[in-house]
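Asker: Below is the file query23.csv, with CSV, C-alpha atoms.
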```
chain,number,residue,atom,x,y,z
A,1,MET,CA,0.0,0.0,0.0
A,2,GLN,CA,1.1,3.6,-0.6
A,3,ASP,CA,-0.1,7.0,0.6
A,4,VAL,CA,-2.3,8.5,-2.2
A,5,ARG,CA,-0.4,11.9,-1.8
A,6,LEU,CA,2.9,10.1,-2.5
A,7,LEU,CA,1.4,8.3,-5.5
A,8,GLU,CA,0.3,11.6,-7.0
A,9,GLN,CA,4.0,12.7,-6.9
A,10,ASP,CA,5.4,9.4,-8.2
A,11,TYR,CA,3.2,6.5,-9.1
A,12,THR,CA,6.1,4.0,-8.9
A,13,SER,CA,6.9,5.1,-5.3
A,14,ILE,CA,6.7,2.7,-2.4
A,15,TYR,CA,5.8,3.1,1.2
A,16,THR,CA,8.4,0.8,2.7
A,17,LYS,CA,10.5,-2.1,1.5
A,18,PRO,CA,11.2,-5.0,1.4
A,19,ASP,CA,7.8,-6.5,0.7
A,20,ILE,CA,8.4,-10.2,-0.1
A,21,THR,CA,6.0,-13.1,-0.1
A,22,ASP,CA,7.1,-16.6,-1.1
A,23,ASN,CA,4.5,-19.3,-1.7
A,24,ARG,CA,5.2,-23.1,-2.2
A,25,SER,CA,2.5,-25.6,-2.8
A,26,LEU,CA,2.2,-29.4,-3.4
A,27,PHE,CA,-1.1,-31.1,-4.2
A,28,LEU,CA,-1.7,-34.8,-4.8
A,29,ASN,CA,-5.1,-36.3,-5.6
A,30,LEU,CA,-6.2,-39.9,-6.3
A,31,GLU,CA,-9.7,-40.8,-7.6
A,32,GLY,CA,-11.4,-44.1,-8.1
A,33,LYS,CA,-14.6,-45.4,-9.6
A,34,HIS,CA,-16.2,-48.9,-9.6
A,35,GLN,CA,-19.4,-50.1,-11.3
A,36,LEU,CA,-20.8,-52.5,-8.7
A,37,ASN,CA,-23.7,-53.6,-10.9
A,38,ASP,CA,-26.1,-52.1,-13.5
A,39,ASN,CA,-27.6,-49.7,-10.9
A,40,ILE,CA,-24.9,-48.9,-8.4
A,41,VAL,CA,-21.6,-47.0,-8.9
A,42,LEU,CA,-19.1,-46.4,-6.1
A,43,THR,CA,-16.7,-43.5,-6.3
A,44,GLY,CA,-14.1,-42.0,-4.0
A,45,ASN,CA,-11.0,-39.9,-3.8
A,46,THR,CA,-8.2,-39.1,-1.4
A,47,TYR,CA,-5.9,-36.1,-1.4
A,48,TYR,CA,-2.9,-34.4,0.2
A,49,ARG,CA,-1.9,-30.7,0.1
A,50,ASN,CA,1.1,-28.9,1.5
A,51,ILE,CA,1.3,-25.1,1.5
A,52,LYS,CA,4.2,-23.0,2.8
A,53,THR,CA,4.1,-19.2,2.8
A,54,GLY,CA,6.8,-17.0,4.0
A,55,THR,CA,6.7,-13.2,4.3
A,56,TYR,CA,9.5,-10.6,4.8
A,57,ASN,CA,8.1,-7.1,5.1
A,58,GLY,CA,9.5,-3.7,6.1
A,59,ASP,CA,6.9,-1.5,8.0
A,60,VAL,CA,6.7,1.8,9.8
A,61,ASN,CA,6.5,1.5,13.6
A,62,GLN,CA,3.2,3.3,14.2
A,63,GLY,CA,4.1,3.5,17.9
A,64,SER,CA,7.0,5.7,17.3
A,65,LEU,CA,5.2,8.5,15.4
A,66,ASP,CA,4.2,10.4,18.6
A,67,GLN,CA,7.6,9.9,20.3
A,68,ALA,CA,10.6,12.2,20.7
A,69,VAL,CA,13.0,10.6,18.2
A,70,TYR,CA,15.3,13.6,17.4
A,71,SER,CA,17.0,15.0,20.5
A,72,LEU,CA,19.8,13.1,22.2
A,73,THR,CA,20.6,13.2,25.9
A,74,ALA,CA,24.2,13.4,27.1
A,75,ALA,CA,24.1,9.8,28.1
A,76,GLU,CA,22.9,8.8,24.7
A,77,LYS,CA,25.6,10.8,23.0
A,78,ALA,CA,28.3,9.2,25.1
A,79,LEU,CA,26.9,5.7,24.4
A,80,LEU,CA,26.9,6.4,20.6
A,81,SER,CA,30.5,7.6,20.8
A,82,ARG,CA,31.7,4.5,22.7
A,83,ASN,CA,30.2,2.4,19.9
A,84,GLY,CA,31.6,4.3,17.0
A,85,TYR,CA,28.6,6.4,16.0
A,86,GLY,CA,29.0,10.1,15.3
A,87,TYR,CA,26.2,12.7,15.8
A,88,PRO,CA,25.7,16.2,14.5
A,89,ALA,CA,26.5,19.2,16.6
A,90,TYR,CA,23.2,20.9,15.7
A,91,ASP,CA,19.9,20.1,17.2
A,92,MET,CA,18.1,17.6,15.0
A,93,ASN,CA,14.4,18.1,13.9
A,94,GLY,CA,12.0,17.0,11.3
A,95,THR,CA,13.3,19.6,8.8
A,96,ASN,CA,17.0,18.9,8.9
A,97,THR,CA,16.7,15.2,9.7
A,98,PRO,CA,13.7,13.7,7.9
A,99,PHE,CA,14.9,10.1,8.6
A,100,PRO,CA,16.1,10.1,12.2
A,101,TYR,CA,17.9,7.0,13.5
A,102,LEU,CA,20.4,7.9,16.2
A,103,LYS,CA,17.9,7.9,19.0
A,104,CYS,CA,16.8,4.4,17.9
A,105,VAL,CA,20.4,3.2,17.8
A,106,ALA,CA,21.1,4.7,21.3
A,107,GLN,CA,18.1,3.1,22.8
A,108,ALA,CA,18.9,-0.2,21.2
A,109,LEU,CA,22.4,0.0,22.8
A,110,SER,CA,21.0,0.8,26.2
A,111,GLY,CA,20.2,-2.8,27.1
A,112,ALA,CA,17.5,-3.5,29.6
A,113,ASN,CA,16.9,0.2,30.2
A,114,GLY,CA,16.4,1.1,26.6
A,115,GLU,CA,13.1,1.8,24.8
A,116,PRO,CA,13.8,0.8,21.1
A,117,GLY,CA,10.2,-0.3,20.8
A,118,GLU,CA,9.1,3.3,21.1
A,119,LYS,CA,12.0,5.2,19.5
A,120,CYS,CA,12.7,3.0,16.4
A,121,ASN,CA,10.5,4.0,13.5
A,122,GLY,CA,11.1,0.9,11.4
A,123,LEU,CA,10.0,-2.8,11.8
A,124,ILE,CA,10.9,-5.9,9.8
A,125,ASN,CA,8.1,-8.4,10.1
A,126,ARG,CA,8.7,-12.1,9.2
A,127,THR,CA,6.1,-14.8,9.1
A,128,THR,CA,6.0,-18.4,8.2
A,129,THR,CA,2.8,-20.4,7.7
A,130,GLN,CA,3.1,-24.1,7.1
A,131,GLN,CA,-0.2,-25.9,6.4
A,132,GLN,CA,-0.9,-29.5,5.6
A,133,ASN,CA,-4.3,-30.9,4.5
A,134,TRP,CA,-5.4,-34.4,3.8
A,135,GLY,CA,-8.6,-36.3,3.6
A,136,ALA,CA,-10.7,-38.8,1.8
A,137,SER,CA,-14.3,-39.2,0.6
A,138,GLY,CA,-16.5,-41.9,-0.8
A,139,GLN,CA,-20.0,-42.2,-2.1
A,140,ALA,CA,-22.5,-44.6,-3.6
A,141,ILE,CA,-24.8,-43.6,-6.5
A,142,ILE,CA,-27.9,-45.8,-7.0
A,143,ASN,CA,-29.9,-45.4,-10.2
A,144,ASP,CA,-33.4,-47.0,-10.0
A,145,THR,CA,-37.1,-46.1,-10.0
A,146,LEU,CA,-39.2,-44.5,-7.4
A,147,PHE,CA,-43.0,-44.4,-7.7
A,148,GLY,CA,-42.5,-45.5,-11.3
A,149,LYS,CA,-40.2,-42.6,-12.1
A,150,GLU,CA,-36.5,-42.5,-12.8
A,151,ASN,CA,-34.6,-41.7,-9.6
A,152,GLN,CA,-31.0,-41.2,-8.6
A,153,PHE,CA,-30.1,-41.6,-4.9
A,154,LEU,CA,-26.6,-40.7,-3.5
A,155,PHE,CA,-25.1,-41.0,-0.1
A,156,GLY,CA,-21.5,-40.8,1.3
A,157,GLY,CA,-19.1,-39.3,3.7
A,158,SER,CA,-15.8,-37.6,4.0
A,159,TYR,CA,-12.9,-36.9,6.4
A,160,ASP,CA,-10.7,-33.8,6.2
A,161,GLN,CA,-7.9,-32.7,8.5
A,162,SER,CA,-5.8,-29.6,8.4
A,163,VAL,CA,-2.6,-29.0,10.5
A,164,MET,CA,-1.3,-25.4,10.6
A,165,ASN,CA,1.7,-23.8,12.2
A,166,PHE,CA,2.1,-20.0,12.1
A,167,LYS,CA,5.2,-18.2,13.4
A,168,GLN,CA,5.9,-14.5,13.4
A,169,SER,CA,8.7,-12.2,14.6
A,170,THR,CA,9.3,-8.5,14.6
A,171,GLN,CA,12.8,-7.0,14.3
A,172,LEU,CA,13.3,-3.3,15.2
A,173,GLY,CA,15.2,-0.9,13.0
A,174,TYR,CA,15.1,2.5,11.4
A,175,LEU,CA,13.7,3.9,8.1
A,176,ASN,CA,16.1,5.0,5.4
A,177,ALA,CA,15.7,7.7,2.7
A,178,ASP,CA,15.0,5.0,0.1
A,179,HIS,CA,12.2,3.7,2.4
A,180,SER,CA,14.1,0.5,3.2
A,181,ILE,CA,14.5,-0.6,6.8
A,182,THR,CA,17.9,-1.2,8.5
A,183,GLY,CA,17.5,-3.8,11.2
A,184,LEU,CA,19.1,-3.8,14.6
A,185,PRO,CA,19.7,-6.8,16.9
A,186,ASN,CA,16.6,-6.0,18.9
A,187,TYR,CA,13.2,-7.7,18.6
A,188,ALA,CA,9.7,-7.5,19.8
A,189,ASP,CA,10.4,-10.5,22.1
A,190,GLY,CA,9.6,-9.0,25.5
A,191,VAL,CA,13.3,-8.5,26.3
A,192,THR,CA,15.5,-6.8,23.7
A,193,GLY,CA,12.7,-4.6,22.4
A,194,GLY,CA,12.4,-2.8,25.8
A,195,ASN,CA,9.0,-1.4,27.0
A,196,VAL,CA,6.2,0.4,25.1
A,197,ASN,CA,4.0,2.4,27.5
A,198,GLY,CA,5.5,0.5,30.4
A,199,VAL,CA,4.7,-2.9,28.9
A,200,PRO,CA,7.4,-5.3,27.5
A,201,PHE,CA,7.3,-5.0,23.7
A,202,ASP,CA,6.3,-8.5,22.5
A,203,ASN,CA,4.8,-9.3,19.1
A,204,ARG,CA,5.9,-13.0,18.9
A,205,VAL,CA,3.4,-15.6,17.7
A,206,SER,CA,3.9,-19.3,17.5
A,207,LEU,CA,0.6,-21.0,17.0
A,208,GLY,CA,-0.3,-24.5,16.1
A,209,GLY,CA,-3.8,-25.4,14.9
A,210,ASP,CA,-5.4,-28.8,14.2
A,211,THR,CA,-8.8,-28.9,12.4
A,212,VAL,CA,-10.8,-32.1,11.8
A,213,THR,CA,-14.1,-32.3,9.9
A,214,TRP,CA,-16.4,-35.3,9.5
A,215,SER,CA,-19.1,-35.0,6.9
A,216,PHE,CA,-22.1,-37.2,5.9
A,217,PHE,CA,-24.2,-36.3,2.9
A,218,THR,CA,-27.1,-37.6,0.8
A,219,SER,CA,-29.0,-36.5,-2.3
A,220,ASP,CA,-32.0,-37.7,-4.2
A,221,THR,CA,-33.1,-36.6,-7.7
A,222,LEU,CA,-36.5,-37.6,-9.0
A,223,SER,CA,-37.4,-37.2,-12.6
A,224,LEU,CA,-41.1,-36.4,-12.7
A,225,THR,CA,-41.0,-36.2,-16.5
A,226,LYS,CA,-38.1,-36.4,-19.0
A,227,ASP,CA,-37.9,-32.6,-18.7
A,228,LEU,CA,-38.7,-31.9,-15.0
A,229,HIS,CA,-36.3,-32.9,-12.3
A,230,ILE,CA,-36.5,-32.3,-8.5
A,231,THR,CA,-33.5,-32.6,-6.2
A,232,ALA,CA,-33.3,-32.7,-2.4
A,233,SER,CA,-30.1,-33.1,-0.5
A,234,GLY,CA,-28.5,-32.5,2.9
A,235,ARG,CA,-25.0,-32.5,4.5
A,236,TYR,CA,-24.0,-32.8,8.1
A,237,ASN,CA,-20.7,-31.4,9.2
A,238,TYR,CA,-18.9,-31.8,12.5
A,239,THR,CA,-15.7,-29.7,13.0
A,240,SER,CA,-13.4,-29.7,15.9
A,241,LEU,CA,-10.6,-27.1,16.1
A,242,SER,CA,-7.7,-27.1,18.5
A,243,ASN,CA,-5.3,-24.2,18.9
A,244,LYS,CA,-2.0,-24.5,20.8
A,245,ASP,CA,0.0,-21.4,21.8
A,246,GLN,CA,3.6,-22.4,21.9
A,247,ILE,CA,4.7,-19.3,23.7
A,248,THR,CA,2.0,-18.6,26.2
A,249,ALA,CA,0.5,-21.9,27.1
A,250,GLU,CA,-2.4,-20.6,29.2
A,251,GLY,CA,-4.0,-17.5,30.6
A,252,GLY,CA,-6.1,-14.6,29.2
A,253,GLU,CA,-3.6,-13.8,26.5
A,254,SER,CA,-3.0,-17.4,25.4
A,255,LEU,CA,-4.1,-18.5,22.0
A,256,THR,CA,-4.7,-22.1,23.3
A,257,GLY,CA,-8.3,-23.2,23.0
A,258,LYS,CA,-10.6,-26.0,21.7
A,259,HIS,CA,-13.8,-25.4,19.7
A,260,HIS,CA,-16.5,-27.5,18.2
A,261,PHE,CA,-19.0,-26.7,15.4
A,262,ASP,CA,-21.7,-28.8,13.8
A,263,ARG,CA,-24.8,-28.3,11.6
A,264,PHE,CA,-27.0,-30.0,9.1
A,265,ASN,CA,-27.3,-28.0,5.8
A,266,PRO,CA,-30.3,-28.8,3.5
A,267,ALA,CA,-30.7,-28.0,-0.2
A,268,VAL,CA,-33.5,-28.3,-2.7
A,269,GLY,CA,-33.5,-27.6,-6.5
A,270,LEU,CA,-35.7,-27.8,-9.6
A,271,THR,CA,-34.9,-27.9,-13.3
A,272,TYR,CA,-37.3,-27.8,-16.2
A,273,ASN,CA,-36.0,-28.1,-19.8
A,274,PRO,CA,-39.0,-28.3,-22.2
A,275,ILE,CA,-36.9,-27.5,-25.2
A,276,LYS,CA,-33.1,-27.5,-25.9
A,277,GLU,CA,-33.0,-23.7,-26.5
A,278,ILE,CA,-34.4,-22.7,-23.1
A,279,GLY,CA,-34.8,-24.1,-19.6
A,280,PHE,CA,-35.6,-22.9,-16.1
A,281,TYR,CA,-33.8,-23.7,-12.8
A,282,ALA,CA,-34.3,-22.6,-9.2
A,283,GLY,CA,-32.8,-23.7,-5.9
A,284,TYR,CA,-32.2,-23.0,-2.3
A,285,ASN,CA,-29.2,-24.3,-0.2
A,286,GLU,CA,-27.6,-23.7,3.1
A,287,GLY,CA,-23.9,-23.9,4.0
A,288,THR,CA,-21.6,-23.3,6.9
A,289,ARG,CA,-18.0,-22.3,7.6
A,290,ALA,CA,-16.2,-22.7,10.9
A,291,PRO,CA,-13.8,-20.0,12.0
A,292,THR,CA,-10.1,-20.6,11.1
A,293,SER,CA,-7.3,-20.9,13.7
A,294,ILE,CA,-6.1,-17.4,12.8
A,295,GLU,CA,-9.6,-15.9,13.1
A,296,LEU,CA,-10.1,-17.4,16.5
A,297,GLY,CA,-6.6,-16.2,17.4
A,298,CYS,CA,-7.6,-12.6,16.8
A,299,ALA,CA,-11.1,-12.3,18.2
A,300,ASN,CA,-10.6,-10.4,21.5
A,301,PRO,CA,-11.8,-6.7,21.2
A,302,ASP,CA,-9.8,-5.9,24.5
A,303,VAL,CA,-6.6,-7.0,22.8
A,304,PRO,CA,-6.8,-6.0,19.1
A,305,CYS,CA,-4.4,-7.4,16.5
A,306,LYS,CA,-2.5,-6.1,13.6
A,307,LEU,CA,-2.6,-9.0,11.3
A,308,PRO,CA,-0.4,-10.7,10.4
A,309,ASN,CA,1.9,-9.1,12.9
A,310,SER,CA,0.2,-10.2,16.2
A,311,MET,CA,-2.6,-12.2,17.7
A,312,ALA,CA,-4.4,-12.2,21.0
A,313,GLY,CA,-6.4,-14.6,23.1
A,314,ASP,CA,-9.3,-16.4,21.4
A,315,PRO,CA,-12.8,-15.9,22.7
A,316,PRO,CA,-15.3,-18.2,20.9
A,317,LEU,CA,-16.6,-17.2,17.5
A,318,LYS,CA,-19.8,-18.6,15.9
A,319,GLN,CA,-19.7,-20.5,12.6
A,320,VAL,CA,-20.9,-18.6,9.5
A,321,ILE,CA,-24.3,-19.8,8.1
A,322,THR,CA,-25.1,-19.1,4.5
A,323,GLU,CA,-28.6,-19.2,2.9
A,324,ASN,CA,-28.6,-19.0,-0.9
A,325,TRP,CA,-31.6,-18.5,-3.2
A,326,GLU,CA,-31.0,-18.8,-6.9
A,327,ALA,CA,-33.2,-18.9,-10.1
A,328,GLY,CA,-32.7,-18.3,-13.8
A,329,PHE,CA,-33.0,-19.5,-17.3
A,330,ARG,CA,-30.5,-21.3,-19.5
A,331,GLY,CA,-30.3,-23.1,-22.8
A,332,GLN,CA,-28.4,-23.7,-26.0
A,333,LEU,CA,-28.7,-21.7,-29.2
A,334,PRO,CA,-27.8,-22.8,-32.7
A,335,GLU,CA,-24.0,-23.0,-33.4
A,336,LYS,CA,-23.5,-24.6,-30.0
A,337,ILE,CA,-23.8,-21.3,-28.0
A,338,ASP,CA,-24.8,-21.9,-24.4
A,339,TRP,CA,-26.4,-19.1,-22.5
A,340,SER,CA,-27.7,-18.4,-19.0
A,341,VAL,CA,-29.4,-15.5,-17.2
A,342,GLY,CA,-29.9,-15.7,-13.4
A,343,TYR,CA,-30.4,-14.0,-10.1
A,344,PHE,CA,-29.0,-15.0,-6.7
A,345,HIS,CA,-29.7,-13.7,-3.2
A,346,ILE,CA,-27.3,-14.7,-0.4
A,347,GLU,CA,-27.6,-14.0,3.3
A,348,ASN,CA,-24.7,-14.8,5.7
A,349,LYS,CA,-25.6,-15.1,9.4
A,350,ASN,CA,-22.8,-14.6,11.9
A,351,ASP,CA,-20.6,-13.4,9.1
A,352,LEU,CA,-16.9,-12.9,10.1
A,353,MET,CA,-15.4,-9.6,9.5
A,354,PHE,CA,-12.2,-7.7,10.6
A,355,VAL,CA,-13.2,-4.7,12.7
A,356,ALA,CA,-11.0,-1.7,12.9
A,357,ASP,CA,-9.9,-0.6,16.4
A,358,GLU,CA,-9.2,2.9,17.7
A,359,GLN,CA,-5.5,2.1,17.3
A,360,ALA,CA,-4.5,2.8,13.7
A,361,GLY,CA,-3.9,-0.5,11.8
A,362,PHE,CA,-5.3,-2.7,14.6
A,363,GLY,CA,-8.5,-4.6,14.9
A,364,TYR,CA,-10.1,-8.0,15.6
A,365,PHE,CA,-12.5,-10.6,14.0
A,366,LYS,CA,-16.1,-10.4,15.0
A,367,ASN,CA,-19.4,-12.1,14.2
A,368,PHE,CA,-22.0,-9.8,12.6
A,369,GLY,CA,-25.7,-10.4,12.8
A,370,LYS,CA,-26.3,-10.6,9.0
A,371,THR,CA,-24.8,-9.6,5.7
A,372,GLN,CA,-26.5,-9.7,2.3
A,373,ARG,CA,-25.3,-10.1,-1.2
A,374,GLN,CA,-27.5,-10.2,-4.3
A,375,ALA,CA,-26.9,-9.8,-8.0
A,376,SER,CA,-28.0,-10.7,-11.5
A,377,LYS,CA,-25.7,-12.6,-13.8
A,378,SER,CA,-25.5,-13.7,-17.4
A,379,ALA,CA,-23.0,-15.7,-19.5
A,380,TRP,CA,-22.6,-16.9,-23.1
A,381,THR,CA,-20.3,-19.7,-24.1
A,382,ALA,CA,-19.4,-20.6,-27.7
A,383,LYS,CA,-17.9,-24.1,-28.4
A,384,TRP,CA,-16.4,-25.3,-31.6
A,385,THR,CA,-13.9,-28.0,-32.7
A,386,THR,CA,-10.6,-27.2,-34.5
A,387,GLY,CA,-9.2,-29.2,-37.4
A,388,ALA,CA,-7.2,-31.3,-34.9
A,389,SER,CA,-10.4,-32.1,-33.0
A,390,ALA,CA,-9.3,-30.1,-29.9
A,391,PRO,CA,-12.2,-28.3,-28.3
A,392,THR,CA,-11.8,-24.6,-27.7
A,393,THR,CA,-14.1,-22.6,-25.4
A,394,PRO,CA,-13.9,-18.9,-25.2
A,395,ILE,CA,-16.2,-17.4,-22.5
A,396,TRP,CA,-17.5,-13.9,-22.2
A,397,THR,CA,-19.3,-12.9,-19.0
A,398,PRO,CA,-20.8,-9.4,-18.7
A,399,PRO,CA,-20.3,-7.4,-15.5
A,400,ILE,CA,-22.5,-8.5,-12.6
A,401,SER,CA,-24.7,-5.8,-11.3
A,402,PRO,CA,-23.5,-4.1,-8.0
A,403,MET,CA,-23.8,-6.1,-4.8
A,404,LYS,CA,-25.8,-4.9,-1.9
A,405,ARG,CA,-24.4,-5.7,1.5
```
The structure in this file should be written as structure tokens.
Answerer:
Amino acid sequence: MQDVRLLEQDYTSIYTKPDITDNRSLFLNLEGKHQLNDNIVLTGNTYYRNIKTGTYNGDVNQGSLDQAVYSLTAAEKALLSRNGYGYPAYDMNGTNTPFPYLKCVAQALSGANGEPGEKCNGLINRTTTQQQNWGASGQAIINDTLFGKENQFLFGGSYDQSVMNFKQSTQLGYLNADHSITGLPNYADGVTGGNVNGVPFDNRVSLGGDTVTWSFFTSDTLSLTKDLHITASGRYNYTSLSNKDQITAEGGESLTGKHHFDRFNPAVGLTYNPIKEIGFYAGYNEGTRAPTSIELGCANPDVPCKLPNSMAGDPPLKQVITENWEAGFRGQLPEKIDWSVGYFHIENKNDLMFVADEQAGFGYFKNFGKTQRQASKSAWTAKWTTGASAPTTPIWTPPISPMKR
């Protein structure tokens, strides 16, 4: 991000540097299918995913902006001289010293009595997120008749587990004229960073999270006629989430906690296709999402966070419940042009949002009563086959009408 006033002066300018994010991902998936008999098909899959994300970011220390970072005391001048640092004979101020650093260095050299967390205007934030996901699912599909009508019944289950480790550290330093940060051997570790407002400066995070979800689902589609189909389905999810704070094992500021969420989510749908060129569809479904380890780790309004730089104790959050209504028309025109026009209306209950705190840049996750999203949509897809029999599908989707929230 960059200050809009600085962008007006130079659009290529930056606020601070470095700003590095490194992502590595591995994904493996195995699928299987077996025709048990003429009416029953068994399918299943298993997967493994490994994601590693590392960040290395230079930032401005917001806590230093209201501090006296220019004038040096006699003791600070003597400390700088003993360590090989020179200092100007004139009094420094914001005009003649736009990028002050000597006060920061002096406080960093002061040991246990220093306050580099208040006097250093630069921070180097490092984070590492290691996440592994694995799971398996299986289902049986039974094609038969019901009340003399064609019917497809499906049932199955799945198991998903996610193990996450998040580590974060903050190194103190000072801002240079090119907006880079020079780091010092002082960290927000509760010791070498000194105190901020009388409290040890400690932004360390070492959080482990383990999430397990069991799901059972079923679906039934009844063909009342060859053109009219009705579907009813449901899915039950049970999620258990365990956070382990590897720095503060217990207490009000600990991230350690266990949480459980479960819900049955129904869905119904209808399709009617009297002719190839036009058909009608409508449906209603519900879904849920449990809070993540990171959201639960930053949910305390009394101790707001500056993600991804810090987290606080995790009061319980509610899972998000989504209700979705959708209807529209679709069909296929000559020359194999598929088209669709539809409308959807989504309401999220207990939606999770990041709320800004009075401290600049800080906030916390909170459940809101309800949020709403609705829009119309349309799409056209043309399909044709090249001389080499390779299908090509360009897609054009007009802009969706503005969302209401």
Asker: Could you state the separation of atom CA of A:Gln152 and atom CA of A:Gly135 in Å, given to one decimal place?
Answerer: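 So the two atoms, atom CA of A:Gln152 and atom CA of A:Gly135, lie 26.0 Å apart.
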Asker: Tell me, as a list of chain:residue names, which residues lie within 10 Å of A:Tyr70, counting all atoms listed in the file; anything in the same chain fewer than 2 positions away does not count.
Answerer: A:Gln67, A:Ala68, A:Leu72, A:Asp91, A:Met92, A:Asn93, A:Gly94, A:Thr97, A:Pro98, A:Phe99, A:Pro100, A:Tyr101, A:Leu102, A:Lys103, A:Cys104, A:Lys119
Asker: Name the closest residue to A:Ala74 among the candidates A:Thr55, A:Phe354, A:Cys120, A:Ala106; distances are taken between atoms, counting only C-alpha atoms.
Answerer: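 Checking each of A:Thr55, A:Phe354, A:Cys120, A:Ala106 against A:Ala74, counting only C-alpha atoms, the winner is A:Ala106.
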Asker: Using only C-alpha atoms, find the one residue out of A:Gln35, A:Thr46, A:Ser64, A:Ser376 that sits nearest to A:Glu118.
Answerer: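 Among the listed residues, A:Ser64 lies closest to A:Glu118.
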Asker: Pull the neighbourhood of (-28.4, -33.0, -7.9) for me: all residues within 12 Å in file coordinates, counting all atoms listed in the file, as a ChimeraX atom specification.
Answerer: /A:141,151-155,218-223,229-234,267-271,281,283,285
Asker: For C-alpha atoms, I'd like the residues from the last selection saved as an mmCIF file, in the coordinates of the input.
Answerer:
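Heads up, here's the output in out00.cif:
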```
data_model
loop_
_atom_site.group_PDB
_atom_site.id
_atom_site.type_symbol
_atom_site.label_atom_id
_atom_site.label_comp_id
_atom_site.auth_asym_id
_atom_site.auth_seq_id
_atom_site.Cartn_x
_atom_site.Cartn_y
_atom_site.Cartn_z
ATOM 1 C CA ILE A 141 -24.800 -43.600 -6.500
ATOM 2 C CA ASN A 151 -34.600 -41.700 -9.600
ATOM 3 C CA GLN A 152 -31.000 -41.200 -8.600
ATOM 4 C CA PHE A 153 -30.100 -41.600 -4.900
ATOM 5 C CA LEU A 154 -26.600 -40.700 -3.500
ATOM 6 C CA PHE A 155 -25.100 -41.000 -0.100
ATOM 7 C CA THR A 218 -27.100 -37.600 0.800
ATOM 8 C CA SER A 219 -29.000 -36.500 -2.300
ATOM 9 C CA ASP A 220 -32.000 -37.700 -4.200
ATOM 10 C CA THR A 221 -33.100 -36.600 -7.700
ATOM 11 C CA LEU A 222 -36.500 -37.600 -9.000
ATOM 12 C CA SER A 223 -37.400 -37.200 -12.600
ATOM 13 C CA HIS A 229 -36.300 -32.900 -12.300
ATOM 14 C CA ILE A 230 -36.500 -32.300 -8.500
ATOM 15 C CA THR A 231 -33.500 -32.600 -6.200
ATOM 16 C CA ALA A 232 -33.300 -32.700 -2.400
ATOM 17 C CA SER A 233 -30.100 -33.100 -0.500
ATOM 18 C CA GLY A 234 -28.500 -32.500 2.900
ATOM 19 C CA ALA A 267 -30.700 -28.000 -0.200
ATOM 20 C CA VAL A 268 -33.500 -28.300 -2.700
ATOM 21 C CA GLY A 269 -33.500 -27.600 -6.500
ATOM 22 C CA LEU A 270 -35.700 -27.800 -9.600
ATOM 23 C CA THR A 271 -34.900 -27.900 -13.300
ATOM 24 C CA TYR A 281 -33.800 -23.700 -12.800
ATOM 25 C CA GLY A 283 -32.800 -23.700 -5.900
ATOM 26 C CA ASN A 285 -29.200 -24.300 -0.200
#
```
Asker: Nearest to A:Trp380: which of A:Arg330, A:Lys258, A:Lys366, A:Lys167 is it, counting only C-alpha atoms?
Answerer: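 Answer, going by the shortest atom-to-atom distance: A:Arg330.
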Asker: Please determine, counting all atoms listed in the file, which residue among A:Tyr187, A:Phe27, A:Phe368, A:Tyr174 has the shortest atom-to-atom distance to A:Asn133.
Answerer: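 Among A:Tyr187, A:Phe27, A:Phe368, A:Tyr174, it is A:Phe27 that comes nearest to A:Asn133.
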Asker: For a quick check of your reading of the model, name the residues lying within 8 Å of the coordinate (-17.5, -12.0, 6.8), counting all atoms listed in the file, and write them as a PyMOL selection string.
Answerer: chain A and resi 320+348+350-354+367-368+371
Asker: Of the residues A:Thr288, A:Thr43, A:Asn83, A:Ser242, which is the one nearest to A:Thr256, using all atoms listed in the file?
Answerer: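 The answer is A:Ser242, which sits nearest to A:Thr256.
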Asker: So, counting only C-alpha atoms, which residue among A:Gln132, A:Gln372, A:Gln332, A:Ser137 is closest to A:Arg49?
Answerer: A:Gln132
Asker: At what distance in Å, to one decimal, does atom CA of A:Asn45 lie from atom CA of A:His260?
Answerer: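 Answer for the atom CA of A:His260 to atom CA of A:Asn45 separation: 25.8 Å.
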Asker: Which value, in Å to one decimal, gives the distance between atom CA of A:Phe217 and atom CA of A:Gly279?
Answerer: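 Separation of atom CA of A:Phe217 and atom CA of A:Gly279: 27.7 Å.
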